[in-house]
Every structure is written in structure tokens, then in C-alpha cells.
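Note sheet for the following structure.
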Amino acid sequence: GNSVTQMEGPVTLSEEAFLTINCTYTATGYPSLFWYVQYPGEGLQLLLKATKADDKGSNKGFEATYRKETTSFHLEKGSVQVSDSAVYFCALSDEGDNYGQNFVFGPGTRLSVLP
Amino acid sequence: DAGVTQSPTHLIKTRGQQVTLRCSPKSGHDTVSWYQQALGQGPQFIFQYYEEEERQRGNFPDRFSGHQFPNYSSELNVNALLLGDSALYLCASSLPGGLWEQYFGPGTRLTVT
């Protein structure tokens with residue numbers, strides 16, 4: 001079955017540091033890939049997405065490129081801020097047989113950014 | 001415009017009991033998905049409803065069932081509760097044709113004692 005693996009946390013960085021959170025997936029077919037973020041005390045929010053190979057999703061300074069050859073979708077940001085402290089989830093979806101989509105989330109990576 | 005709403009916020013039940021959780025999707029959304037999120041883990045997909053039918057289902061036993069109403073709201077029912085069912089239950093809705101752009105509700109925290 002489909003699965004998502006992401007780097008273990010927590011990740012602690014100083015403000016303005018470069019961020020990479022690794023994500024790899026296993027899937028049959030051609031899934032869509034996502035990063036979701038969960039800020040403290042808030043619900044899950046879509047951060048960015050990519051729907052086909054070599055697509056780059058970007059939002060709020062975060063980027064991730066859909067790499068089919070390495071089955072990866074690593075999240076990067078050039079300069080993190082304290083406000084980026086949150087839990088980040090990598091996820092994939094693919095089409096099921098009866099319309100609708102099957103979603104699989106990774107375990108999440110907690111990021112703490114220190115001033 | 002209200003986002004996805006869920007009720008109740010918190011719930012405490014005893015092992016063996018049954019529970020019903022409710023979700024109202026974001027305005028204009030017709031597809032509702034349910035997830036179980038155990039503490040410190042990622043959400044696990046339970047099932048997805050569209051046009052009042054269960055369209056996809058994750059790896060959850062038949063004790064987990066659902067329903068979607070004509071106004072697109074949805075219920076999640078869990079029978080014969082186990083201690084391991086304690087989790088945050090999330091509802092997500094999406095636009096027609098935009099299944100991958102899900103909007104999540106705040107969740108219902110279920111504790112089974």
C-alpha cells in the first residue's frame with residue numbers, strides 16, 4: 001500500500017537558518033503530493049502541493065519539488081522565522097476506484113525556531 | 001464564511017459505548033473526509049463521502065461507519081469503543097473537483113476510559 005516517510009523530529013533551528021525536511025513516498029500510480037502545517041493550537045492547513053512529476057509547489061517562502069525518480073518531496077525554506085514553528089506533515093493522495101481519493105499522511109516533523 | 005466546523009469539541013466515553021461525531025463542511029464544499037489522529041502521529045484516513053455515498057475507505061474496521069446528509073454535513077459513528085480509539089478525529093472538506101485541496105476542521109478529542 002501507499003506510505004509516506006518523513007524525517008524524525010524535533011528539528012530545532014535558529015532564526016534565518018536554512019530548513020530542509022525530508023519526505024519520501026511509496027505509491028502505485030501517480031499520486032499528488034502535499035505539505036500540511038499545524039501551528040500550535042490550530043487545525044491542519046495546506047501549505048503547498050504538487051500534482052505531477054517535476055512540479056514545484058511553493059507558498060510563504062516554502063518550496064518542494066515532486067521528484068518521481070527519487071520518490072521524494074522534500075520541504076525547504078531559505079530563512080526560517082520564529083513564526084514557522086509548527087508541525088509539518090507530508091502527505092499523498094491518489095485516485096481510488098469509486099471516485100474520491102485515498103490520502104496517506106506521514107507522522108509529522110515538529111520544527112522549533114529559536115530567536 | 002464559516003470554515004469546517006465539528007462537534008463536540010471534547011468527548012469522554014466508556015469502553016464498549018458508541019459515539020457519534022458531527023461535521024459541517026465549508027460553504028460550497030460537497031466532499032467530506034474523516035481522519036483519526038493519535039497523539040504525536042499523522043492523521044490516518046478513515047473514509048470519504050461524496051453524494052451521500054462512502055467513496056473511499058482506509059484501513060479501519062466496520063465499527064467505524066459514517067453518513068453524509070443532503071446538505072453535505074456528515075457524521076462519524078464508532079461502535080464498541082476501545083481504549084485505542086482515543087484520538088483527535090478530524091473532518092476535512094473539499095470543493096467539487098478539488099479533492100486534494102482539503103480544509104480541515106479543529107477536530108473532536110475523544111477519550112475512551
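Every chain in the C-alpha cells has a letter given in the order shown (A, B, ...), and although residue numbers restart at 1 in each chain, ligands are simply numbered from 1 in the order shown.
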Legend entry - Selection near Phe47 in chain B, 6 Å with only C-alpha atoms, sequence-local residues under 2 positions removed, as a PyMOL selection string: chain B and resi 33-34+45+56-58
Could you turn the residues from that selection into a file that holds C-alpha atoms, as a tab-separated table (two decimals), in the first residue's frame?
chain	number	residue	atom	x	y	z
B	33	SER	CA	-13.28	13.06	4.67
B	34	TRP	CA	-12.68	11.78	8.19
B	45	PHE	CA	-7.62	8.31	6.66
B	56	GLN	CA	-13.10	5.54	-0.32
B	57	ARG	CA	-12.17	3.81	2.90
B	58	GLY	CA	-8.94	3.45	4.78
Legend entry - chain A residues near chain B (10 Å cut-off, only C-alpha atoms) as a ChimeraX atom specification: /A:32-34,36,41-46,48-51,87-110
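Excluding Asp55 in chain A and any residue on its chain fewer than 3 positions from it, the residues at most 6 Å away by only C-alpha atoms are Ala50, Lys52, Thr65 and Tyr66 of chain A.
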Legend entry - Expected answer as a ChimeraX atom specification: strand (DSSP E or B) residues in range 15-111 of chain B: /B:19-24,31-37,44-50,53-57,64-68,74-78,87-94,103-104,108-111
Legend entry - Who sits within 9 Å of Leu76 in chain B, only C-alpha atoms, same chain under 2 positions skipped, as a list in words: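 After dropping sequence-adjacent residues, the list is Val19, Thr20, Leu21, Arg22, Cys23, Trp34, Phe64, Ser65, Gly66, His67, Ser74 and Val78 of chain B.
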Can I get the selected residues back with N, CA, C and O atoms, as a compact mmCIF listing (two decimals), in the first residue's frame?
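The result, stored in part.txt:
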# COMPACT_ATOMS: atom_id res chain seq x y z
N VAL B 19 -20.34 6.20 19.88
CA VAL B 19 -20.20 7.65 19.82
C VAL B 19 -20.53 8.13 18.41
O VAL B 19 -20.31 7.41 17.42
N THR B 20 -21.07 9.34 18.33
CA THR B 20 -21.34 9.99 17.04
C THR B 20 -20.69 11.36 17.03
O THR B 20 -20.91 12.17 17.94
N LEU B 21 -19.89 11.62 16.02
CA LEU B 21 -19.23 12.90 15.84
C LEU B 21 -19.82 13.57 14.60
O LEU B 21 -20.17 12.88 13.64
N ARG B 22 -19.87 14.89 14.63
CA ARG B 22 -20.53 15.61 13.54
C ARG B 22 -19.60 16.62 12.89
O ARG B 22 -18.72 17.18 13.54
N CYS B 23 -19.87 16.86 11.59
CA CYS B 23 -19.03 17.76 10.81
C CYS B 23 -19.89 18.53 9.83
O CYS B 23 -20.73 17.95 9.12
N TRP B 34 -12.91 11.92 6.75
CA TRP B 34 -12.68 11.78 8.19
C TRP B 34 -11.31 11.15 8.43
O TRP B 34 -10.90 10.22 7.71
N PHE B 64 -16.32 1.46 12.56
CA PHE B 64 -16.32 2.86 12.11
C PHE B 64 -17.26 2.97 10.91
O PHE B 64 -17.06 2.30 9.89
N SER B 65 -18.29 3.77 11.06
CA SER B 65 -19.21 3.97 9.96
C SER B 65 -19.55 5.45 9.86
O SER B 65 -19.30 6.22 10.79
N GLY B 66 -20.14 5.82 8.75
CA GLY B 66 -20.44 7.23 8.56
C GLY B 66 -21.70 7.45 7.77
O GLY B 66 -22.37 6.50 7.31
N HIS B 67 -21.97 8.71 7.60
CA HIS B 67 -23.16 9.10 6.84
C HIS B 67 -22.95 10.51 6.34
O HIS B 67 -22.31 11.33 7.02
N SER B 74 -21.87 15.69 7.70
CA SER B 74 -21.52 14.28 7.84
C SER B 74 -21.42 13.88 9.30
O SER B 74 -21.21 14.73 10.18
N VAL B 78 -18.77 5.46 15.81
CA VAL B 78 -17.87 4.40 16.23
C VAL B 78 -18.60 3.56 17.27
O VAL B 78 -19.05 4.08 18.29
Inset, instruction - Just give me the gap between CA of Leu110 in chain B and CA of Phe60 in chain B in Å, one decimal is fine. - result: 16.5 Å
Legend entry - Minimum-distance residue to Thr28 in chain A, chosen among A:Gln81, A:Ser58, A:Thr5, A:Thr71 (using only C-alpha atoms): A:Thr71
Legend entry - For range 76-80 of chain A: contacts at 12 Å, only C-alpha atoms, fewer than 4 positions along chain excluded, given as a PyMOL selection string: chain A and resi 11-23+35+47-48+56-65+84-86+88+111-115
Legend entry - Near-Thr111 in chain B list (12 Å; only C-alpha atoms; drop same-chain fewer than 5 positions) as a PyMOL selection string: chain B and resi 9-15+17+19+38-39+81-89
